[in-house]
$ cat work22.cif   # mmCIF, N, CA and C atoms
data_target
loop_
_atom_site.label_atom_id
_atom_site.label_comp_id
_atom_site.auth_asym_id
_atom_site.auth_seq_id
_atom_site.Cartn_x
_atom_site.Cartn_y
_atom_site.Cartn_z
N MET B 1 -9.60 -49.45 13.72
CA MET B 1 -8.36 -49.07 13.07
C MET B 1 -7.57 -48.11 13.97
N THR B 2 -6.31 -48.34 14.10
CA THR B 2 -5.45 -47.52 14.94
C THR B 2 -5.13 -46.21 14.23
N THR B 3 -5.24 -45.10 14.95
CA THR B 3 -4.96 -43.79 14.36
C THR B 3 -3.46 -43.49 14.42
N PRO B 4 -2.99 -42.57 13.57
CA PRO B 4 -1.58 -42.18 13.64
C PRO B 4 -1.18 -41.68 15.04
N LEU B 5 -2.04 -40.94 15.70
CA LEU B 5 -1.71 -40.45 17.04
C LEU B 5 -1.53 -41.60 18.02
N GLU B 6 -2.37 -42.61 17.95
CA GLU B 6 -2.24 -43.77 18.84
C GLU B 6 -0.92 -44.50 18.59
N ILE B 7 -0.50 -44.59 17.33
CA ILE B 7 0.78 -45.22 17.01
C ILE B 7 1.91 -44.39 17.61
N LEU B 8 1.88 -43.07 17.42
CA LEU B 8 2.93 -42.20 17.93
C LEU B 8 3.04 -42.28 19.45
N LYS B 9 1.91 -42.41 20.12
CA LYS B 9 1.92 -42.51 21.59
C LYS B 9 2.58 -43.80 22.08
N GLN B 10 2.75 -44.78 21.20
CA GLN B 10 3.43 -46.03 21.56
C GLN B 10 4.94 -45.86 21.57
N GLY B 11 5.42 -44.72 21.08
CA GLY B 11 6.85 -44.44 21.07
C GLY B 11 7.37 -44.21 19.66
N ILE B 12 8.48 -43.48 19.58
CA ILE B 12 9.01 -43.10 18.27
C ILE B 12 9.52 -44.31 17.49
N GLU B 13 10.01 -45.34 18.17
CA GLU B 13 10.46 -46.53 17.45
C GLU B 13 9.30 -47.21 16.74
N GLN B 14 8.17 -47.33 17.44
CA GLN B 14 6.97 -47.93 16.85
C GLN B 14 6.45 -47.07 15.71
N TRP B 15 6.47 -45.75 15.91
CA TRP B 15 6.03 -44.82 14.87
C TRP B 15 6.88 -44.98 13.61
N ASN B 16 8.21 -44.99 13.77
CA ASN B 16 9.10 -45.10 12.62
C ASN B 16 8.90 -46.42 11.88
N LEU B 17 8.67 -47.49 12.61
CA LEU B 17 8.40 -48.78 11.97
C LEU B 17 7.10 -48.70 11.17
N TRP B 18 6.06 -48.16 11.78
CA TRP B 18 4.76 -48.01 11.13
C TRP B 18 4.88 -47.14 9.88
N ARG B 19 5.61 -46.01 9.99
CA ARG B 19 5.80 -45.12 8.84
C ARG B 19 6.60 -45.79 7.74
N SER B 20 7.59 -46.60 8.08
CA SER B 20 8.40 -47.26 7.05
C SER B 20 7.56 -48.20 6.20
N GLN B 21 6.49 -48.71 6.78
CA GLN B 21 5.59 -49.61 6.06
C GLN B 21 4.52 -48.85 5.29
N ARG B 22 4.38 -47.55 5.57
CA ARG B 22 3.32 -46.74 4.95
C ARG B 22 3.85 -45.39 4.48
N SER B 23 5.08 -45.33 4.05
CA SER B 23 5.71 -44.04 3.73
C SER B 23 5.00 -43.28 2.61
N GLU B 24 4.28 -43.96 1.77
CA GLU B 24 3.58 -43.30 0.67
C GLU B 24 2.12 -42.98 1.02
N SER B 25 1.63 -43.50 2.11
CA SER B 25 0.23 -43.29 2.51
C SER B 25 0.04 -41.92 3.14
N ALA B 26 -1.13 -41.34 2.92
CA ALA B 26 -1.46 -40.07 3.56
C ALA B 26 -1.55 -40.29 5.07
N CYS B 27 -1.03 -39.33 5.78
CA CYS B 27 -1.00 -39.44 7.24
C CYS B 27 -1.17 -38.05 7.83
N SER B 28 -1.98 -37.93 8.87
CA SER B 28 -2.22 -36.62 9.46
C SER B 28 -2.11 -36.66 10.98
N LEU B 29 -1.39 -35.67 11.49
CA LEU B 29 -1.36 -35.37 12.92
C LEU B 29 -1.74 -33.90 13.11
N ALA B 30 -2.46 -33.36 12.13
CA ALA B 30 -2.81 -31.94 12.13
C ALA B 30 -3.54 -31.55 13.41
N GLY B 31 -3.11 -30.42 13.97
CA GLY B 31 -3.78 -29.86 15.13
C GLY B 31 -3.50 -30.54 16.46
N GLN B 32 -2.66 -31.55 16.48
CA GLN B 32 -2.37 -32.26 17.73
C GLN B 32 -1.39 -31.47 18.60
N ASP B 33 -1.45 -31.66 19.91
CA ASP B 33 -0.50 -31.05 20.83
C ASP B 33 0.52 -32.12 21.20
N LEU B 34 1.70 -32.04 20.60
CA LEU B 34 2.78 -32.99 20.84
C LEU B 34 3.92 -32.32 21.60
N SER B 35 3.59 -31.26 22.30
CA SER B 35 4.58 -30.51 23.07
C SER B 35 5.30 -31.41 24.07
N HIS B 36 6.58 -31.14 24.25
CA HIS B 36 7.44 -31.85 25.21
C HIS B 36 7.66 -33.32 24.85
N GLY B 37 7.27 -33.72 23.65
CA GLY B 37 7.44 -35.11 23.24
C GLY B 37 8.88 -35.42 22.86
N TYR B 38 9.21 -36.69 22.87
CA TYR B 38 10.54 -37.17 22.48
C TYR B 38 10.40 -37.89 21.14
N PHE B 39 10.86 -37.21 20.08
CA PHE B 39 10.72 -37.72 18.72
C PHE B 39 12.07 -37.77 18.02
N PHE B 40 13.10 -38.18 18.73
CA PHE B 40 14.47 -38.26 18.21
C PHE B 40 14.49 -39.12 16.96
N GLU B 41 14.97 -38.52 15.85
CA GLU B 41 15.06 -39.18 14.55
C GLU B 41 13.70 -39.69 14.04
N GLY B 42 12.64 -38.96 14.37
CA GLY B 42 11.30 -39.35 13.92
C GLY B 42 11.11 -39.17 12.42
N ASP B 43 10.36 -40.06 11.83
CA ASP B 43 10.06 -40.03 10.40
C ASP B 43 8.71 -39.37 10.19
N PHE B 44 8.75 -38.09 9.85
CA PHE B 44 7.53 -37.32 9.60
C PHE B 44 7.45 -36.91 8.13
N ARG B 45 8.11 -37.67 7.25
CA ARG B 45 8.08 -37.36 5.82
C ARG B 45 6.65 -37.37 5.30
N ASN B 46 6.31 -36.27 4.62
CA ASN B 46 5.00 -36.14 3.94
C ASN B 46 3.80 -36.22 4.88
N VAL B 47 4.00 -35.98 6.16
CA VAL B 47 2.90 -36.02 7.13
C VAL B 47 2.24 -34.64 7.21
N ASP B 48 0.93 -34.62 7.34
CA ASP B 48 0.17 -33.38 7.54
C ASP B 48 0.31 -32.98 9.01
N LEU B 49 1.09 -31.93 9.25
CA LEU B 49 1.33 -31.44 10.61
C LEU B 49 0.85 -30.00 10.77
N ARG B 50 -0.12 -29.62 9.97
CA ARG B 50 -0.64 -28.25 10.06
C ARG B 50 -1.16 -27.97 11.48
N ARG B 51 -0.75 -26.82 12.00
CA ARG B 51 -1.19 -26.33 13.31
C ARG B 51 -0.81 -27.27 14.47
N THR B 52 0.10 -28.19 14.26
CA THR B 52 0.54 -29.10 15.32
C THR B 52 1.48 -28.36 16.26
N LYS B 53 1.37 -28.64 17.55
CA LYS B 53 2.23 -28.02 18.56
C LYS B 53 3.35 -28.98 18.94
N PHE B 54 4.58 -28.54 18.70
CA PHE B 54 5.78 -29.28 19.07
C PHE B 54 6.61 -28.47 20.06
N CYS B 55 5.97 -27.65 20.89
CA CYS B 55 6.70 -26.78 21.81
C CYS B 55 7.64 -27.60 22.70
N ARG B 56 8.90 -27.20 22.69
CA ARG B 56 9.95 -27.82 23.51
C ARG B 56 10.07 -29.33 23.30
N ALA B 57 9.66 -29.81 22.15
CA ALA B 57 9.79 -31.23 21.83
C ALA B 57 11.21 -31.53 21.34
N CYS B 58 11.66 -32.75 21.55
CA CYS B 58 12.95 -33.19 21.04
C CYS B 58 12.74 -33.75 19.64
N LEU B 59 13.20 -33.00 18.65
CA LEU B 59 13.06 -33.38 17.25
C LEU B 59 14.44 -33.49 16.59
N VAL B 60 15.45 -33.80 17.38
CA VAL B 60 16.81 -33.93 16.88
C VAL B 60 16.84 -35.03 15.81
N GLY B 61 17.35 -34.67 14.64
CA GLY B 61 17.47 -35.64 13.55
C GLY B 61 16.16 -36.04 12.90
N ALA B 62 15.06 -35.36 13.24
CA ALA B 62 13.75 -35.72 12.65
C ALA B 62 13.73 -35.40 11.16
N ASP B 63 12.97 -36.18 10.42
CA ASP B 63 12.87 -36.04 8.97
C ASP B 63 11.48 -35.49 8.62
N PHE B 64 11.45 -34.22 8.22
CA PHE B 64 10.21 -33.55 7.86
C PHE B 64 10.12 -33.29 6.36
N ARG B 65 10.90 -34.01 5.55
CA ARG B 65 10.88 -33.77 4.11
C ARG B 65 9.46 -33.90 3.56
N GLY B 66 9.01 -32.84 2.88
CA GLY B 66 7.71 -32.86 2.24
C GLY B 66 6.53 -32.72 3.19
N ALA B 67 6.79 -32.55 4.48
CA ALA B 67 5.71 -32.41 5.46
C ALA B 67 5.06 -31.03 5.36
N ASP B 68 3.80 -30.94 5.74
CA ASP B 68 3.10 -29.66 5.80
C ASP B 68 3.08 -29.21 7.26
N LEU B 69 3.95 -28.26 7.58
CA LEU B 69 4.05 -27.72 8.93
C LEU B 69 3.46 -26.31 9.00
N SER B 70 2.61 -25.95 8.05
CA SER B 70 2.07 -24.60 8.03
C SER B 70 1.27 -24.34 9.31
N GLY B 71 1.60 -23.22 9.95
CA GLY B 71 0.93 -22.83 11.19
C GLY B 71 1.34 -23.64 12.40
N ALA B 72 2.33 -24.52 12.27
CA ALA B 72 2.77 -25.33 13.41
C ALA B 72 3.56 -24.48 14.40
N ASP B 73 3.60 -24.92 15.64
CA ASP B 73 4.31 -24.21 16.70
C ASP B 73 5.47 -25.08 17.18
N LEU B 74 6.68 -24.70 16.80
CA LEU B 74 7.89 -25.41 17.21
C LEU B 74 8.71 -24.57 18.19
N THR B 75 8.03 -23.71 18.95
CA THR B 75 8.71 -22.83 19.88
C THR B 75 9.57 -23.63 20.85
N GLY B 76 10.86 -23.31 20.88
CA GLY B 76 11.77 -23.95 21.82
C GLY B 76 12.06 -25.42 21.54
N ALA B 77 11.65 -25.92 20.37
CA ALA B 77 11.91 -27.32 20.04
C ALA B 77 13.40 -27.53 19.75
N TYR B 78 13.88 -28.70 20.02
CA TYR B 78 15.27 -29.06 19.75
C TYR B 78 15.32 -29.65 18.35
N LEU B 79 15.95 -28.91 17.41
CA LEU B 79 15.85 -29.23 16.00
C LEU B 79 17.19 -29.56 15.34
N ALA B 80 18.23 -29.82 16.11
CA ALA B 80 19.54 -30.11 15.52
C ALA B 80 19.42 -31.26 14.52
N ASP B 81 20.00 -31.07 13.36
CA ASP B 81 20.06 -32.08 12.29
C ASP B 81 18.69 -32.49 11.75
N ALA B 82 17.63 -31.74 12.05
CA ALA B 82 16.32 -32.03 11.46
C ALA B 82 16.35 -31.63 9.98
N ASN B 83 15.64 -32.38 9.15
CA ASN B 83 15.62 -32.14 7.71
C ASN B 83 14.24 -31.60 7.32
N PHE B 84 14.24 -30.36 6.82
CA PHE B 84 13.00 -29.70 6.42
C PHE B 84 12.93 -29.51 4.90
N GLN B 85 13.72 -30.25 4.14
CA GLN B 85 13.75 -30.10 2.69
C GLN B 85 12.36 -30.34 2.10
N GLY B 86 11.87 -29.35 1.37
CA GLY B 86 10.58 -29.46 0.70
C GLY B 86 9.38 -29.35 1.64
N ALA B 87 9.61 -29.04 2.91
CA ALA B 87 8.50 -28.91 3.87
C ALA B 87 7.84 -27.54 3.71
N ASN B 88 6.54 -27.48 3.97
CA ASN B 88 5.82 -26.22 3.98
C ASN B 88 5.94 -25.64 5.38
N LEU B 89 6.67 -24.51 5.48
CA LEU B 89 6.89 -23.86 6.78
C LEU B 89 6.17 -22.52 6.87
N LYS B 90 5.15 -22.32 6.05
CA LYS B 90 4.40 -21.05 6.06
C LYS B 90 3.76 -20.85 7.44
N ASP B 91 4.05 -19.70 8.03
CA ASP B 91 3.50 -19.31 9.34
C ASP B 91 3.89 -20.27 10.46
N THR B 92 4.98 -21.01 10.29
CA THR B 92 5.47 -21.90 11.34
C THR B 92 6.29 -21.08 12.32
N ASP B 93 6.08 -21.28 13.62
CA ASP B 93 6.82 -20.58 14.65
C ASP B 93 8.03 -21.41 15.06
N LEU B 94 9.21 -20.94 14.67
CA LEU B 94 10.46 -21.63 14.98
C LEU B 94 11.29 -20.83 15.98
N SER B 95 10.64 -19.98 16.76
CA SER B 95 11.38 -19.13 17.69
C SER B 95 11.96 -19.90 18.86
N ASN B 96 12.99 -19.31 19.45
CA ASN B 96 13.72 -19.88 20.60
C ASN B 96 14.35 -21.21 20.27
#

$ encode --input "work22.cif" --output "structure tokens"
Amino acid sequence: MTTPLEILKQGIEQWNLWRSQRSESACSLAGQDLSHGYFFEGDFRNVDLRRTKFCRACLVGADFRGADLSGADLTGAYLADANFQGANLKDTDLSN
């Protein structure tokens, strides 16, 4: 079975397609280092992203509605037009 991380490594277009088919399914990328990644308009709705590193990642237009980003590191990430409605941002580092 292919893991969520393996799908994401195939590119954001493949990830978004995969997520659109499983939007209600539990999904976790918790603790992964996704720093410097390109996730333009990525669909991360309801994804477990606890302690995930997105340092300097491109997250422009990303959808994090309902995601758990507690303890995540988004230092220097590009977040223009990202949607964090209903996301858990407890102890999330959004500096720079």

$ residues_around --input "work22.cif" --residues "Tyr38 (chain B)" --least-positions-apart "2" --cutoff "5 Å" --atoms "all atoms listed in the file" --output "list in words"
His36, Phe40 and Cys58 of chain B

$ atom_distance --input "work22.cif" --atom1 "CA of Gly76 (chain B)" --atom2 "CA of Asp91 (chain B)"
15.7 Å

$ residues_near_point --input "work22.cif" --point "(8.8, -27.4, 6.9)" --cutoff "7 Å" --atoms "all atoms listed in the file" --output "list in words"
Phe64, Gly66, Ala67, Asp68, Leu69, Ser70, Asn83, Phe84, Gln85, Gly86, Ala87, Asn88, Leu89 and Lys90 of chain B

$ atom_distance --input "work22.cif" --atom1 "CA of Leu74 (chain B)" --atom2 "CA of Met1 (chain B)"
29.0 Å

$ atom_distance --input "work22.cif" --atom1 "atom C of Ser28 (chain B)" --atom2 "atom C of Leu49 (chain B)"
7.3 Å

$ resolve_selection --input "work22.cif" --expression "the PyMOL selection byres ((chain B and resi 46) around 5)" --output "PDB file with N, CA and C atoms, in the coordinates of the input"
ATOM      1  N   PHE B  44       8.750 -38.090   9.850  1.00  0.00           N
ATOM      2  CA  PHE B  44       7.530 -37.320   9.600  1.00  0.00           C
ATOM      3  C   PHE B  44       7.450 -36.910   8.130  1.00  0.00           C
ATOM      4  N   ARG B  45       8.110 -37.670   7.250  1.00  0.00           N
ATOM      5  CA  ARG B  45       8.080 -37.360   5.820  1.00  0.00           C
ATOM      6  C   ARG B  45       6.650 -37.370   5.300  1.00  0.00           C
ATOM      7  N   VAL B  47       4.000 -35.980   6.160  1.00  0.00           N
ATOM      8  CA  VAL B  47       2.900 -36.020   7.130  1.00  0.00           C
ATOM      9  C   VAL B  47       2.240 -34.640   7.210  1.00  0.00           C
ATOM     10  N   ASP B  48       0.930 -34.620   7.340  1.00  0.00           N
ATOM     11  CA  ASP B  48       0.170 -33.380   7.540  1.00  0.00           C
ATOM     12  C   ASP B  48       0.310 -32.980   9.010  1.00  0.00           C
ATOM     13  N   ARG B  65      10.900 -34.010   5.550  1.00  0.00           N
ATOM     14  CA  ARG B  65      10.880 -33.770   4.110  1.00  0.00           C
ATOM     15  C   ARG B  65       9.460 -33.900   3.560  1.00  0.00           C
ATOM     16  N   GLY B  66       9.010 -32.840   2.880  1.00  0.00           N
ATOM     17  CA  GLY B  66       7.710 -32.860   2.240  1.00  0.00           C
ATOM     18  C   GLY B  66       6.530 -32.720   3.190  1.00  0.00           C
ATOM     19  N   ALA B  67       6.790 -32.550   4.480  1.00  0.00           N
ATOM     20  CA  ALA B  67       5.710 -32.410   5.460  1.00  0.00           C
ATOM     21  C   ALA B  67       5.060 -31.030   5.360  1.00  0.00           C
TER      22      ALA B  67
END

$ residues_around --input "work22.cif" --residues "Ile12 (chain B)" --least-positions-apart "6" --cutoff "8 Å" --atoms "only N, CA and C atoms" --output "ChimeraX atom specification"
/B:18,38-43

$ select_by_dssp --input "work22.cif" --residues "region 10-93 of chain B" --states "helix (DSSP H, G or I)" --output "ChimeraX atom specification"
/B:12-21

$ select_by_dssp --input "work22.cif" --residues "region 36-67 of chain B" --states "strand (DSSP E or B)" --output "PyMOL selection string"
chain B and resi 38+43+48+53+58+63

$ residues_near_point --input "work22.cif" --point "(12.0, -17.8, 18.6)" --cutoff "7 Å" --atoms "all atoms listed in the file" --output "CSV table (one decimal) with N, CA and C atoms, keeping the file's coordinate frame"
chain,number,residue,atom,x,y,z
B,75,THR,N,8.0,-23.7,19.0
B,75,THR,CA,8.7,-22.8,19.9
B,75,THR,C,9.6,-23.6,20.8
B,76,GLY,N,10.9,-23.3,20.9
B,76,GLY,CA,11.8,-24.0,21.8
B,76,GLY,C,12.1,-25.4,21.5
B,93,ASP,N,6.1,-21.3,13.6
B,93,ASP,CA,6.8,-20.6,14.6
B,93,ASP,C,8.0,-21.4,15.1
B,94,LEU,N,9.2,-20.9,14.7
B,94,LEU,CA,10.5,-21.6,15.0
B,94,LEU,C,11.3,-20.8,16.0
B,95,SER,N,10.6,-20.0,16.8
B,95,SER,CA,11.4,-19.1,17.7
B,95,SER,C,12.0,-19.9,18.9
B,96,ASN,N,13.0,-19.3,19.4
B,96,ASN,CA,13.7,-19.9,20.6
B,96,ASN,C,14.4,-21.2,20.3

$ residues_around --input "work22.cif" --residues "region 4-7 of chain B" --least-positions-apart "4" --cutoff "6.5 Å" --atoms "only N, CA and C atoms" --output "mmCIF file with N, CA and C atoms, in the frame of the given file"
data_model
loop_
_atom_site.group_PDB
_atom_site.id
_atom_site.type_symbol
_atom_site.label_atom_id
_atom_site.label_comp_id
_atom_site.auth_asym_id
_atom_site.auth_seq_id
_atom_site.Cartn_x
_atom_site.Cartn_y
_atom_site.Cartn_z
ATOM 1 N N GLY B 11 5.420 -44.720 21.080
ATOM 2 C CA GLY B 11 6.850 -44.440 21.070
ATOM 3 C C GLY B 11 7.370 -44.210 19.660
ATOM 4 N N GLN B 14 8.170 -47.330 17.440
ATOM 5 C CA GLN B 14 6.970 -47.930 16.850
ATOM 6 C C GLN B 14 6.450 -47.070 15.710
ATOM 7 N N TRP B 15 6.470 -45.750 15.910
ATOM 8 C CA TRP B 15 6.030 -44.820 14.870
ATOM 9 C C TRP B 15 6.880 -44.980 13.610
ATOM 10 N N SER B 28 -1.980 -37.930 8.870
ATOM 11 C CA SER B 28 -2.220 -36.620 9.460
ATOM 12 C C SER B 28 -2.110 -36.660 10.980
ATOM 13 N N LEU B 29 -1.390 -35.670 11.490
ATOM 14 C CA LEU B 29 -1.360 -35.370 12.920
ATOM 15 C C LEU B 29 -1.740 -33.900 13.110
#

$ resolve_selection --input "work22.cif" --expression "the PyMOL selection byres (((chain B and resi 54 and name CA) around 9) and name CA)" --output "VMD selection string"
chain B and resid 32 to 37 52 to 53 55 to 59 72 to 77

$ resolve_selection --input "work22.cif" --expression "the PyMOL selection byres (((chain B and resi 81 and name CA) around 9) and name CA)" --output "list of chain:residue names"
B:Glu41, B:Leu59, B:Val60, B:Gly61, B:Ala62, B:Asp63, B:Leu79, B:Ala80, B:Ala82, B:Asn83
